[in-house]
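A.B. asks: Have a peek at my_file.csv (CSV, C-alpha atoms and all ligand atoms).
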```
chain,number,residue,atom,x,y,z
A,1,MET,CA,0.0,0.0,0.0
A,2,ARG,CA,1.0,3.6,-0.5
A,3,VAL,CA,0.5,5.1,3.0
A,4,LEU,CA,0.6,8.8,3.6
A,5,ILE,CA,1.4,9.7,7.3
A,6,ILE,CA,0.5,13.2,8.4
A,7,GLY,CA,2.9,14.7,10.9
A,8,GLY,CA,6.6,14.4,11.7
A,9,GLY,CA,7.1,13.6,15.4
A,10,GLY,CA,8.2,10.4,17.2
A,11,ARG,CA,4.6,9.0,17.0
A,12,GLU,CA,4.5,9.4,13.3
A,13,GLN,CA,8.0,7.8,12.9
A,14,ALA,CA,6.7,4.9,14.9
A,15,ILE,CA,3.6,4.6,12.7
A,16,ALA,CA,5.9,4.8,9.6
A,17,TRP,CA,8.2,2.1,11.1
A,18,ALA,CA,5.2,-0.2,11.8
A,19,CYS,CA,4.0,0.2,8.2
A,20,ARG,CA,7.4,-0.4,6.7
A,21,GLN,CA,7.8,-3.6,8.7
A,22,HIS,CA,5.0,-5.0,6.4
A,23,GLY,CA,6.5,-3.7,3.2
A,24,HIS,CA,4.3,-0.6,2.6
A,25,ASP,CA,5.5,2.4,0.7
A,26,VAL,CA,5.4,5.2,3.3
A,27,ARG,CA,5.5,8.9,2.7
A,28,MET,CA,5.3,11.6,5.4
A,29,ALA,CA,3.9,15.1,5.0
A,30,SER,CA,2.9,17.9,7.3
A,31,ASP,CA,-0.6,18.0,5.8
A,32,ILE,CA,-2.7,16.2,3.3
A,33,GLY,CA,-1.8,18.7,0.6
A,34,ASN,CA,-2.9,17.6,-2.8
A,35,ALA,CA,-2.7,13.9,-2.1
A,36,SER,CA,-5.0,12.0,-4.4
A,37,THR,CA,-6.3,8.4,-4.9
A,38,PHE,CA,-3.7,8.2,-7.7
A,39,ASP,CA,-0.8,8.4,-5.3
A,40,THR,CA,-2.2,7.3,-1.9
A,41,ASP,CA,-4.1,4.2,-0.7
A,42,LEU,CA,-4.4,5.2,2.9
A,43,VAL,CA,-3.9,8.3,5.0
A,44,ILE,CA,-3.0,8.0,8.7
A,45,PRO,CA,-3.1,11.4,10.4
A,46,GLY,CA,-0.8,11.6,13.5
A,47,PRO,CA,-1.6,14.8,15.5
A,48,GLU,CA,-5.0,15.9,16.7
A,49,ALA,CA,-4.5,19.3,15.0
A,50,ALA,CA,-4.6,17.6,11.6
A,51,LEU,CA,-7.9,15.8,12.5
A,52,VAL,CA,-9.4,18.9,14.0
A,53,ALA,CA,-8.4,20.8,10.8
A,54,GLY,CA,-10.4,18.3,8.7
A,55,THR,CA,-7.8,15.9,7.2
A,56,SER,CA,-10.3,13.1,7.2
A,57,ASP,CA,-13.0,15.2,5.7
A,58,THR,CA,-10.7,16.2,2.9
A,59,ALA,CA,-9.6,12.6,2.3
A,60,ALA,CA,-13.3,11.6,2.1
A,61,GLU,CA,-14.0,14.3,-0.5
A,62,ARG,CA,-11.1,12.9,-2.6
A,63,GLY,CA,-12.2,9.3,-2.1
A,64,ILE,CA,-9.0,8.3,-0.2
A,65,ALA,CA,-9.3,6.0,2.8
A,66,CYS,CA,-8.3,7.8,6.0
A,67,PHE,CA,-7.8,6.2,9.4
A,68,GLY,CA,-9.0,9.1,11.6
A,69,PRO,CA,-12.2,10.7,12.7
A,70,THR,CA,-13.8,13.7,11.0
A,71,ALA,CA,-13.3,17.2,12.4
A,72,ALA,CA,-16.7,17.0,14.0
A,73,LEU,CA,-15.9,13.8,15.8
A,74,ALA,CA,-12.4,15.1,16.8
A,75,GLN,CA,-14.3,17.4,19.2
A,76,LEU,CA,-14.0,14.4,21.5
A,77,GLU,CA,-10.4,15.6,22.1
A,78,ALA,CA,-10.7,19.2,21.1
A,79,SER,CA,-13.4,20.1,23.7
A,80,LYS,CA,-12.9,18.6,27.2
A,81,GLY,CA,-16.4,19.9,28.1
A,82,TYR,CA,-18.0,18.1,25.2
A,83,ALA,CA,-16.2,14.9,26.0
A,84,ARG,CA,-17.2,15.0,29.7
A,85,ASP,CA,-20.8,15.7,28.8
A,86,LEU,CA,-20.9,12.9,26.3
A,87,ALA,CA,-19.2,10.4,28.6
A,88,THR,CA,-21.5,11.2,31.5
A,89,SER,CA,-24.6,10.9,29.3
A,90,LEU,CA,-23.4,7.4,28.3
A,91,GLY,CA,-22.7,6.4,31.9
A,92,ILE,CA,-18.9,6.1,31.5
A,93,PRO,CA,-17.2,6.4,34.9
A,94,GLY,CA,-15.3,9.6,35.5
A,95,PRO,CA,-14.7,12.3,38.2
A,96,ALA,CA,-17.4,14.8,39.3
A,97,PHE,CA,-17.1,17.8,37.1
A,98,ALA,CA,-18.8,21.0,36.0
A,99,ARG,CA,-18.3,23.5,33.2
A,100,PHE,CA,-17.9,27.2,33.8
A,101,THR,CA,-17.2,30.6,32.2
A,102,ASP,CA,-17.3,32.5,35.4
A,103,ALA,CA,-14.9,32.3,38.4
A,104,ASP,CA,-17.5,32.9,41.1
A,105,ALA,CA,-19.7,30.1,40.0
A,106,ALA,CA,-16.6,27.8,39.9
A,107,LEU,CA,-15.6,28.8,43.4
A,108,THR,CA,-19.0,28.1,44.7
A,109,TRP,CA,-19.0,24.6,43.1
A,110,TRP,CA,-15.6,23.9,44.5
A,111,ALA,CA,-16.7,24.9,48.0
A,112,GLU,CA,-19.7,22.6,47.7
A,113,LEU,CA,-17.6,19.7,46.5
A,114,GLY,CA,-15.3,20.2,49.5
A,115,ARG,CA,-12.4,18.4,47.9
A,116,PRO,CA,-9.3,19.2,45.8
A,117,VAL,CA,-10.0,19.9,42.1
A,118,VAL,CA,-8.3,20.0,38.8
A,119,VAL,CA,-8.8,23.1,36.5
A,120,LYS,CA,-9.0,22.5,32.8
A,121,LEU,CA,-9.3,24.8,29.9
A,122,ASP,CA,-12.0,23.6,27.5
A,123,GLY,CA,-10.2,23.8,24.2
A,124,LEU,CA,-7.1,22.2,22.8
A,125,ALA,CA,-4.0,23.5,24.7
A,126,ALA,CA,-1.2,21.1,23.5
A,127,GLY,CA,-1.1,19.5,26.9
A,128,LYS,CA,-0.8,22.9,28.8
A,129,GLY,CA,-4.4,23.4,29.6
A,130,VAL,CA,-4.6,21.5,32.9
A,131,ALA,CA,-3.7,22.9,36.3
A,132,LEU,CA,-3.3,20.6,39.3
A,133,PRO,CA,-3.3,23.1,42.2
A,134,CYS,CA,-2.1,21.8,45.6
A,135,THR,CA,-3.3,24.5,48.0
A,136,ASP,CA,-6.5,26.6,48.3
A,137,ALA,CA,-4.6,29.7,47.2
A,138,GLU,CA,-3.2,27.9,44.1
A,139,THR,CA,-6.7,26.7,43.3
A,140,ARG,CA,-8.2,30.2,43.5
A,141,THR,CA,-5.4,31.5,41.2
A,142,ALA,CA,-5.9,28.6,38.7
A,143,ILE,CA,-9.6,29.3,38.6
A,144,ALA,CA,-9.1,33.0,38.1
A,145,GLU,CA,-6.6,32.3,35.3
A,146,ALA,CA,-8.8,29.8,33.6
A,147,ALA,CA,-11.8,32.2,33.8
A,148,SER,CA,-9.8,34.9,32.1
A,149,THR,CA,-9.3,32.6,29.0
A,150,GLY,CA,-13.0,31.7,28.5
A,151,SER,CA,-14.7,28.4,29.2
A,152,PHE,CA,-13.2,25.9,31.6
A,153,LEU,CA,-14.0,22.8,33.7
A,154,LEU,CA,-13.5,21.9,37.3
A,155,GLU,CA,-13.0,18.2,38.0
A,156,GLU,CA,-12.8,16.3,41.3
A,157,ARG,CA,-9.1,15.4,41.7
A,158,LEU,CA,-8.7,11.6,41.4
A,159,THR,CA,-5.7,9.7,42.5
A,160,GLY,CA,-4.1,6.5,41.3
A,161,PRO,CA,-1.8,5.2,38.5
A,162,GLU,CA,-2.7,6.2,35.0
A,163,CYS,CA,-2.8,4.1,31.9
A,164,SER,CA,-3.3,4.7,28.2
A,165,LEU,CA,-5.8,2.6,26.3
A,166,LEU,CA,-5.4,2.8,22.6
A,167,ALA,CA,-8.2,1.2,20.6
A,168,LEU,CA,-8.4,0.9,16.8
A,169,CYS,CA,-12.0,1.6,15.8
A,170,ASP,CA,-13.9,0.7,12.7
A,171,GLY,CA,-17.2,2.6,13.3
A,172,THR,CA,-18.8,-0.2,15.3
A,173,THR,CA,-16.1,-2.4,16.8
A,174,ALA,CA,-12.8,-1.6,18.6
A,175,VAL,CA,-9.7,-3.7,19.3
A,176,ALA,CA,-7.3,-2.7,22.0
A,177,LEU,CA,-3.5,-2.4,21.6
A,178,PRO,CA,-1.4,-3.4,24.6
A,179,LEU,CA,-2.0,-1.0,27.6
A,180,ALA,CA,0.7,1.6,28.1
A,181,GLN,CA,1.9,4.0,30.7
A,182,ASP,CA,3.7,7.2,30.0
A,183,HIS,CA,5.9,9.4,32.2
A,184,LYS,CA,4.6,12.9,31.9
A,185,ARG,CA,6.9,14.8,34.4
A,186,ILE,CA,10.3,16.1,33.4
A,187,GLY,CA,12.0,14.9,36.6
A,188,GLU,CA,13.0,11.4,37.8
A,189,GLY,CA,10.5,10.0,40.4
A,190,ASP,CA,7.7,11.8,38.5
A,191,VAL,CA,8.4,15.3,39.8
A,192,GLY,CA,8.6,18.7,38.2
A,193,PRO,CA,6.6,20.2,35.3
A,194,ASN,CA,4.5,18.2,32.9
A,195,THR,CA,5.9,17.5,29.5
A,196,GLY,CA,4.5,15.9,26.3
A,197,GLY,CA,5.9,12.6,27.8
A,198,MET,CA,9.5,11.6,28.7
A,199,GLY,CA,9.0,7.9,28.1
A,200,ALA,CA,6.5,5.1,28.0
A,201,TYR,CA,6.3,1.3,28.3
A,202,ALA,CA,3.9,-1.5,27.4
A,203,PRO,CA,2.3,-3.7,28.4
A,204,ALA,CA,1.5,-1.9,31.6
A,205,PRO,CA,1.1,-4.2,34.5
A,206,VAL,CA,-2.5,-3.3,35.4
A,207,ALA,CA,-5.3,-5.5,36.8
A,208,PHE,CA,-7.6,-5.0,33.8
A,209,SER,CA,-7.5,-6.3,30.3
A,210,GLY,CA,-7.7,-4.1,27.2
A,211,ALA,CA,-10.9,-5.8,26.2
A,212,GLU,CA,-12.6,-5.0,29.5
A,213,LEU,CA,-11.5,-1.4,29.4
A,214,VAL,CA,-12.7,-1.1,25.7
A,215,GLU,CA,-16.1,-2.3,26.8
A,216,THR,CA,-16.4,0.4,29.5
A,217,PHE,CA,-14.7,3.4,27.9
A,218,VAL,CA,-14.7,3.0,24.1
A,219,GLN,CA,-17.7,0.8,23.0
A,220,PRO,CA,-20.4,3.2,24.4
A,221,ILE,CA,-18.8,6.1,22.4
A,222,LEU,CA,-18.7,3.9,19.2
A,223,ASP,CA,-22.4,2.9,19.7
A,224,HIS,CA,-23.4,6.5,20.2
A,225,PHE,CA,-21.8,7.7,17.0
A,226,ALA,CA,-22.9,4.7,15.0
A,227,ALA,CA,-26.5,5.4,16.2
A,228,ALA,CA,-26.1,9.0,15.1
A,229,ALA,CA,-25.0,7.8,11.6
A,230,THR,CA,-21.6,9.4,12.1
A,231,PRO,CA,-19.5,6.3,12.7
A,232,TYR,CA,-16.1,6.8,14.4
A,233,VAL,CA,-13.1,5.5,12.5
A,234,GLY,CA,-9.6,5.9,13.9
A,235,VAL,CA,-7.9,5.6,17.2
A,236,ILE,CA,-9.7,6.3,20.5
A,237,PHE,CA,-7.1,6.8,23.1
A,238,ALA,CA,-8.7,6.9,26.6
A,239,GLY,CA,-6.5,8.3,29.3
A,240,LEU,CA,-7.5,6.4,32.4
A,241,MET,CA,-6.8,6.7,36.1
A,242,LEU,CA,-6.9,3.4,38.1
A,243,THR,CA,-8.5,4.7,41.4
A,244,ALA,CA,-9.3,2.7,44.5
A,245,ASP,CA,-13.0,2.7,43.2
A,246,GLY,CA,-12.1,1.4,39.8
A,247,PRO,CA,-10.9,2.8,36.5
A,248,ARG,CA,-12.0,6.4,35.7
A,249,LEU,CA,-11.9,8.4,32.5
A,250,ILE,CA,-9.4,11.3,32.5
A,251,GLU,CA,-9.7,12.3,28.9
A,252,TYR,CA,-10.2,11.1,25.3
A,253,ASN,CA,-7.7,11.7,22.5
A,254,VAL,CA,-8.6,11.0,18.9
A,255,ARG,CA,-5.1,9.7,17.8
A,256,PHE,CA,-2.2,7.6,18.9
A,257,GLY,CA,-0.4,8.8,22.1
A,258,ASP,CA,3.1,10.1,21.9
A,259,PRO,CA,5.3,8.6,23.2
A,260,GLU,CA,2.9,5.6,23.8
A,261,ALA,CA,2.8,4.8,20.1
A,262,GLN,CA,6.6,4.4,20.1
A,263,ALA,CA,6.3,1.6,22.8
A,264,VAL,CA,3.0,0.0,21.7
A,265,LEU,CA,3.4,-0.2,17.9
A,266,PRO,CA,6.6,-2.3,18.1
A,267,LEU,CA,4.6,-4.9,20.0
A,268,LEU,CA,2.1,-5.2,17.1
A,269,GLU,CA,2.7,-8.3,15.1
A,270,SER,CA,-0.2,-7.6,12.7
A,271,ASP,CA,0.1,-5.1,9.8
A,272,LEU,CA,-0.9,-1.7,11.2
A,273,ALA,CA,-1.7,-0.4,7.7
A,274,GLY,CA,-3.8,-3.4,7.0
A,275,LEU,CA,-5.7,-3.0,10.3
A,276,ALA,CA,-6.2,0.8,9.6
A,277,LEU,CA,-7.5,0.1,6.1
A,278,ALA,CA,-9.9,-2.6,7.5
A,279,CYS,CA,-11.1,0.0,10.0
A,280,THR,CA,-11.9,2.5,7.2
A,281,ARG,CA,-13.9,-0.4,5.6
A,282,GLY,CA,-15.9,-1.0,8.8
A,283,ASP,CA,-14.3,-4.4,9.3
A,284,VAL,CA,-11.4,-4.4,11.7
A,285,LYS,CA,-12.0,-8.0,12.5
A,286,SER,CA,-11.0,-9.0,9.0
A,287,VAL,CA,-7.4,-8.6,10.0
A,288,PRO,CA,-6.4,-10.8,13.0
A,289,LEU,CA,-4.9,-8.7,15.8
A,290,ARG,CA,-1.7,-10.4,16.8
A,291,ILE,CA,0.4,-9.0,19.6
A,292,LYS,CA,4.1,-10.0,20.2
A,293,SER,CA,5.0,-11.5,23.6
A,294,GLY,CA,7.4,-9.4,25.6
A,295,ALA,CA,7.6,-5.7,26.3
A,296,ALA,CA,8.8,-2.4,24.9
A,297,VAL,CA,10.2,0.6,26.6
A,298,THR,CA,10.6,4.1,25.1
A,299,ILE,CA,13.0,6.7,26.4
A,300,VAL,CA,12.7,10.3,25.2
A,301,ALA,CA,15.7,12.6,24.9
A,302,ALA,CA,14.7,16.3,25.2
A,303,SER,CA,16.5,19.6,24.6
A,304,PRO,CA,17.9,21.7,27.4
A,305,ASN,CA,15.3,23.8,29.2
A,306,TYR,CA,12.4,21.6,27.9
A,307,PRO,CA,9.4,21.8,28.8
A,308,GLY,CA,10.3,25.5,28.8
A,309,GLU,CA,11.4,27.1,25.6
A,310,PRO,CA,13.9,24.5,24.3
A,311,VAL,CA,17.5,25.5,23.4
A,312,ILE,CA,17.9,24.0,19.9
A,313,GLY,CA,20.4,23.8,17.1
A,314,HIS,CA,22.9,21.4,18.6
A,315,PRO,CA,24.3,18.5,16.4
A,316,VAL,CA,23.1,15.0,17.3
A,317,THR,CA,25.8,12.3,17.2
A,318,ASP,CA,24.9,8.6,17.1
A,319,ARG,CA,27.7,6.0,17.4
A,320,GLY,CA,25.3,3.1,17.0
A,321,THR,CA,22.7,1.7,14.6
A,322,ASP,CA,19.3,0.3,15.0
A,323,SER,CA,18.8,-3.5,15.6
A,324,ALA,CA,15.8,-5.7,16.1
A,325,ALA,CA,16.2,-5.1,19.8
A,326,ALA,CA,16.5,-1.3,19.9
A,327,PHE,CA,15.8,1.5,17.5
A,328,ARG,CA,15.6,5.3,17.3
A,329,PHE,CA,12.6,7.5,16.4
A,330,ASP,CA,13.4,11.1,15.6
A,331,ALA,CA,11.0,13.9,16.6
A,332,GLY,CA,13.0,17.2,16.6
A,333,VAL,CA,16.0,16.6,14.4
A,334,ASP,CA,16.4,18.8,11.3
A,335,VAL,CA,17.7,17.7,7.9
A,336,ASP,CA,21.3,18.7,8.9
A,337,GLY,CA,21.1,16.5,12.0
A,338,ASN,CA,20.7,19.3,14.5
A,339,THR,CA,18.2,19.5,17.3
A,340,SER,CA,15.1,21.4,16.3
A,341,GLY,CA,12.5,20.8,19.0
A,342,GLY,CA,11.7,20.1,22.6
A,343,ARG,CA,11.5,16.4,22.4
A,344,VAL,CA,14.4,15.5,20.0
A,345,LEU,CA,14.3,11.8,19.6
A,346,ALA,CA,13.5,8.6,21.5
A,347,THR,CA,14.8,5.1,21.6
A,348,THR,CA,12.6,2.0,22.0
A,349,GLY,CA,13.9,-1.2,23.2
A,350,VAL,CA,12.1,-4.5,23.0
A,351,GLY,CA,12.7,-7.6,25.1
A,352,THR,CA,11.2,-10.6,26.8
A,353,ASP,CA,10.1,-8.5,29.7
A,354,ILE,CA,10.2,-4.8,30.8
A,355,ALA,CA,13.6,-5.1,32.4
A,356,GLU,CA,15.2,-6.4,29.2
A,357,ALA,CA,13.4,-3.9,27.0
A,358,ARG,CA,14.5,-1.1,29.3
A,359,ALA,CA,18.1,-2.3,29.1
A,360,HIS,CA,18.0,-2.3,25.3
A,361,ALA,CA,16.4,1.1,25.2
A,362,TYR,CA,19.1,2.7,27.5
A,363,GLU,CA,21.9,0.9,25.7
A,364,ARG,CA,20.8,2.4,22.4
A,365,MET,CA,20.3,5.8,24.0
A,366,ALA,CA,23.9,5.6,25.4
A,367,GLN,CA,25.1,5.7,21.8
A,368,ILE,CA,23.4,9.0,21.1
A,369,SER,CA,24.3,12.5,22.4
A,370,PHE,CA,23.7,16.2,21.9
A,371,GLN,CA,24.6,19.1,24.2
A,372,ASP,CA,22.8,19.1,27.5
A,373,MET,CA,20.5,16.3,26.5
A,374,GLN,CA,17.8,15.6,29.1
A,375,ILE,CA,16.7,12.0,29.6
A,376,ARG,CA,15.1,10.3,32.6
A,377,ARG,CA,17.0,7.3,33.9
A,378,ASP,CA,13.9,5.9,35.6
A,379,ILE,CA,11.5,5.1,32.8
A,380,ALA,CA,9.3,2.1,33.6
A,381,TRP,CA,10.4,2.2,37.3
A,382,ARG,CA,6.8,1.5,38.3
W,1,LIG,P1,-5.5,15.7,30.5
W,1,LIG,O1,-4.8,16.7,29.5
W,1,LIG,O2,-6.9,15.9,30.7
W,1,LIG,O3,-5.1,14.3,30.2
W,1,LIG,O4,-4.7,16.0,31.9
W,1,LIG,C1,-3.3,15.9,32.0
W,1,LIG,C2,-2.9,15.2,33.3
W,1,LIG,O5,-3.5,15.8,34.4
W,1,LIG,C3,-3.5,13.8,33.4
W,1,LIG,O6,-2.6,12.8,32.7
W,1,LIG,C4,-3.5,13.5,34.8
W,1,LIG,O7,-2.2,13.2,35.3
W,1,LIG,C5,-3.9,14.9,35.4
W,1,LIG,N1,-5.4,14.9,35.6
W,1,LIG,C6,-6.3,15.3,34.7
W,1,LIG,N2,-7.5,15.2,35.2
W,1,LIG,C7,-7.4,14.8,36.4
W,1,LIG,C8,-8.3,14.5,37.5
W,1,LIG,N3,-9.6,14.7,37.4
W,1,LIG,N4,-7.8,14.0,38.7
W,1,LIG,C9,-6.5,13.9,38.8
W,1,LIG,N5,-5.6,14.2,37.9
W,1,LIG,C10,-6.0,14.6,36.7
W,2,LIG,N1,1.3,10.9,25.9
W,2,LIG,C1,0.0,11.5,26.0
W,2,LIG,C2,-0.5,12.0,24.8
W,2,LIG,O1,-0.1,11.6,23.7
W,2,LIG,O2,-1.5,12.8,24.8
```
Represent the structure from my file as structure tokens, please.
Ligand code: AMP
Ligand code: GLY
C.D. replies:
Amino acid sequence: MRVLIIGGGGREQAIAWACRQHGHDVRMASDIGNASTFDTDLVIPGPEAALVAGTSDTAAERGIACFGPTAALAQLEASKGYARDLATSLGIPGPAFARFTDADAALTWWAELGRPVVVKLDGLAAGKGVALPCTDAETRTAIAEAASTGSFLLEERLTGPECSLLALCDGTTAVALPLAQDHKRIGEGDVGPNTGGMGAYAPAPVAFSGAELVETFVQPILDHFAAAATPYVGVIFAGLMLTADGPRLIEYNVRFGDPEAQAVLPLLESDLAGLALACTRGDVKSVPLRIKSGAAVTIVAASPNYPGEPVIGHPVTDRGTDSAAAFRFDAGVDVDGNTSGGRVLATTGVGTDIAEARAHAYERMAQISFQDMQIRRDIAWR
């Protein structure tokens, strides 16, 4: 197949890698441009922005199969308020929440709740729209700041380990990829500011199967959209928190996770492009989902000062090469081999278990360097 992947980060490199493993002819581009059925059999959009901007709608107009939801359905990620309202109406377990445009109303709701809250901007904020205040004073500040931007949500603050459920959806049916966990904080031991993700591993050792979690968190969404005659095709990525009362929905994303995709896709034995195409035809079950035994661990190398404004333009040196056990996915490396973004690259190691996969990932990372590279030494410590 001729597969066009939209986007150029580590996630998209992992999607490309998975497609190439099965002999597909992969091209990458920053947008769908003038791709046509003459040169593309399948489009796989990577980032949510491409979906929200209507990549799938454009592909549909041109008659090209596209593995991703329409702009209208991408609201599931683009509006946290819409996603929460929908999930609640479908009985999907989540935190107590309410939507606001006004600080006073939010302060009243928080006082009545009587517990710590999380403050979220309603719209897409590239991972920066969530405040997790620790004190009452910080909560008041976060509410005031959110109110100054427009609509926002307060949610009851849940606690527990998180996991990422990635499901491939064909409009009526979803199949789960191995559950993953990512490491969002910049600092070892999960401290410091949030980032896009400093590493991930799969399968995550959690007490629930992917199939069970799909039943609770994905199937009701598919049923809802199918009943509305707007079937959902693409990835549904449910961010879950495993609380003492059971798994709870933190958020929906309408695309693969990054860095989760870099750990999960190397565990896929089946042909990703074949599965994605089957989804666009409403028949994901026509391609058997085969998952490799063992585990994968992904380590991200970030630029100095990330997640603040990254210091870029440093040459990347690599004394090694990829093998079947460990490989490199670039995210922010320019054509001259210099760093060009916050998250620069990642290495993924695979192995019979997490410990072996982790060793392979760190061995590969030890061959790579650039000035003041930031990596976490404790990925998969949990
Ligand atoms: P989100 O962008 O909605 O995924 O939120 C980013 C991160 O904030 C999540 O991965 C969680 O670590 C945290 N978070 C979001 N919502 C909640 C919540 N209701 N309770 C506790 N932590 C949360
Ligand atoms: N790693 C979380 C995300 O892709 O949103």
A.B. asks: Taking only residues of chain A that have an atom at most 10 Å from an atom of ligand LIG 1 (chain W), what is each one's shortest atom pair and its distance in Å to one decimal, using all atoms listed in the file, in chain and number order, as CSV?
C.D. replies:
```
residue,atom,partner,partner_atom,distance
A:Glu77,CA,W:LIG1,O2,9.3
A:Lys80,CA,W:LIG1,O2,7.5
A:Gly94,CA,W:LIG1,N3,7.9
A:Pro95,CA,W:LIG1,N3,5.7
A:Ala96,CA,W:LIG1,N3,8.0
A:Phe97,CA,W:LIG1,N3,8.1
A:Pro116,CA,W:LIG1,N4,8.9
A:Val117,CA,W:LIG1,N3,7.0
A:Val118,CA,W:LIG1,N3,5.6
A:Val119,CA,W:LIG1,N2,8.1
A:Lys120,CA,W:LIG1,O2,7.2
A:Leu121,CA,W:LIG1,O2,9.3
A:Asp122,CA,W:LIG1,O2,9.8
A:Leu124,CA,W:LIG1,O1,9.0
A:Ala125,CA,W:LIG1,O1,8.4
A:Ala126,CA,W:LIG1,O1,8.3
A:Gly127,CA,W:LIG1,O1,5.3
A:Lys128,CA,W:LIG1,O1,7.4
A:Gly129,CA,W:LIG1,O1,6.7
A:Val130,CA,W:LIG1,O4,5.6
A:Ala131,CA,W:LIG1,O5,7.4
A:Leu132,CA,W:LIG1,O5,6.9
A:Leu153,CA,W:LIG1,N3,9.9
A:Leu154,CA,W:LIG1,N3,8.2
A:Glu155,CA,W:LIG1,N3,4.9
A:Glu156,CA,W:LIG1,N3,5.3
A:Arg157,CA,W:LIG1,N4,3.6
A:Leu158,CA,W:LIG1,N4,3.7
A:Thr159,CA,W:LIG1,C9,5.7
A:Gly160,CA,W:LIG1,C9,8.2
A:Pro161,CA,W:LIG1,O7,8.6
A:Glu162,CA,W:LIG1,O6,7.0
A:Cys163,CA,W:LIG1,O6,8.7
A:Ser164,CA,W:LIG1,O6,9.3
A:Asp182,CA,W:LIG1,O6,8.9
A:His183,CA,W:LIG1,O6,9.2
A:Lys184,CA,W:LIG1,O6,7.2
A:Arg185,CA,W:LIG1,O7,9.3
A:Asn194,CA,W:LIG1,C2,8.0
A:Thr195,CA,W:LIG1,C1,9.7
A:Gly196,CA,W:LIG1,C1,9.7
A:Gly197,CA,W:LIG1,O6,9.8
A:Ala238,CA,W:LIG1,O3,9.0
A:Gly239,CA,W:LIG1,O3,6.2
A:Leu240,CA,W:LIG1,O6,8.1
A:Met241,CA,W:LIG1,C4,7.7
A:Thr243,CA,W:LIG1,N4,9.7
A:Arg248,CA,W:LIG1,N3,8.8
A:Leu249,CA,W:LIG1,N3,8.3
A:Ile250,CA,W:LIG1,N2,5.1
A:Glu251,CA,W:LIG1,O2,4.9
A:Tyr252,CA,W:LIG1,O3,7.8
A:Asn253,CA,W:LIG1,O3,8.5
```
A.B. asks: Hey, what's within 12 Å of Gly294 (chain A) if we count all atoms listed in the file and toss same-chain stuff fewer than 4 positions away? As a ChimeraX atom specification, please?
C.D. replies: /A:178,201-204,263-264,266-269,325,349-358
A.B. asks: Listing only residues of region 263-327 of chain A within 12 Å of region 38-49 of chain A, what is the closest atom pair and its distance in Å (to one decimal) for each, using all atoms listed in the file, sorted by chain and residue number ascending, as a Markdown table?
C.D. replies:
```
| residue | atom | partner | partner_atom | distance |
| --- | --- | --- | --- | --- |
| A:Leu272 | CA | A:Ile44 | CA | 10.2 |
| A:Ala273 | CA | A:Leu42 | CA | 7.9 |
| A:Gly274 | CA | A:Leu42 | CA | 9.5 |
| A:Leu275 | CA | A:Leu42 | CA | 11.1 |
| A:Ala276 | CA | A:Ile44 | CA | 7.9 |
| A:Leu277 | CA | A:Leu42 | CA | 6.8 |
| A:Ala278 | CA | A:Leu42 | CA | 10.6 |
| A:Cys279 | CA | A:Leu42 | CA | 11.1 |
| A:Thr280 | CA | A:Leu42 | CA | 9.1 |
| A:Arg281 | CA | A:Leu42 | CA | 11.4 |
```
A.B. asks: Please check which residues have atoms at most 12 Å from (-8.8, -9.3, 16.0) in the file's coordinates, counting only C-alpha atoms, and write them as a compact mmCIF listing (two decimals) with C-alpha atoms, keeping the file's coordinate frame.
C.D. replies:
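Once written, selection_30.txt looks like this:
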```
# COMPACT_ATOMS: atom_id res chain seq x y z
CA ALA A 167 -8.20 1.20 20.60
CA LEU A 168 -8.40 0.90 16.80
CA CYS A 169 -12.00 1.60 15.80
CA ASP A 170 -13.90 0.70 12.70
CA THR A 173 -16.10 -2.40 16.80
CA ALA A 174 -12.80 -1.60 18.60
CA VAL A 175 -9.70 -3.70 19.30
CA ALA A 176 -7.30 -2.70 22.00
CA LEU A 177 -3.50 -2.40 21.60
CA ALA A 211 -10.90 -5.80 26.20
CA LEU A 268 2.10 -5.20 17.10
CA GLU A 269 2.70 -8.30 15.10
CA SER A 270 -0.20 -7.60 12.70
CA ASP A 271 0.10 -5.10 9.80
CA LEU A 272 -0.90 -1.70 11.20
CA GLY A 274 -3.80 -3.40 7.00
CA LEU A 275 -5.70 -3.00 10.30
CA ALA A 278 -9.90 -2.60 7.50
CA CYS A 279 -11.10 0.00 10.00
CA ASP A 283 -14.30 -4.40 9.30
CA VAL A 284 -11.40 -4.40 11.70
CA LYS A 285 -12.00 -8.00 12.50
CA SER A 286 -11.00 -9.00 9.00
CA VAL A 287 -7.40 -8.60 10.00
CA PRO A 288 -6.40 -10.80 13.00
CA LEU A 289 -4.90 -8.70 15.80
CA ARG A 290 -1.70 -10.40 16.80
CA ILE A 291 0.40 -9.00 19.60
```
A.B. asks: Applying 7 Å and all atoms listed in the file, which residues near region 24-36 of chain A remain after dropping the ones on its own chain fewer than 6 positions away? List them as a list of chain:residue names.
C.D. replies: A:Met1, A:Arg2, A:Val3, A:Leu4, A:Ile5, A:Ile6, A:Gly7, A:Gly8, A:Ala16, A:Thr55, A:Arg62, A:Ile64
A.B. asks: Could you write out the selected residues, including C-alpha atoms, as a compact mmCIF listing (two decimals), in the coordinates of the input?
C.D. replies:
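Okay, part32.txt is ready:
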```
# COMPACT_ATOMS: atom_id res chain seq x y z
CA MET A 1 0.00 0.00 0.00
CA ARG A 2 1.00 3.60 -0.50
CA VAL A 3 0.50 5.10 3.00
CA LEU A 4 0.60 8.80 3.60
CA ILE A 5 1.40 9.70 7.30
CA ILE A 6 0.50 13.20 8.40
CA GLY A 7 2.90 14.70 10.90
CA GLY A 8 6.60 14.40 11.70
CA ALA A 16 5.90 4.80 9.60
CA THR A 55 -7.80 15.90 7.20
CA ARG A 62 -11.10 12.90 -2.60
CA ILE A 64 -9.00 8.30 -0.20
```
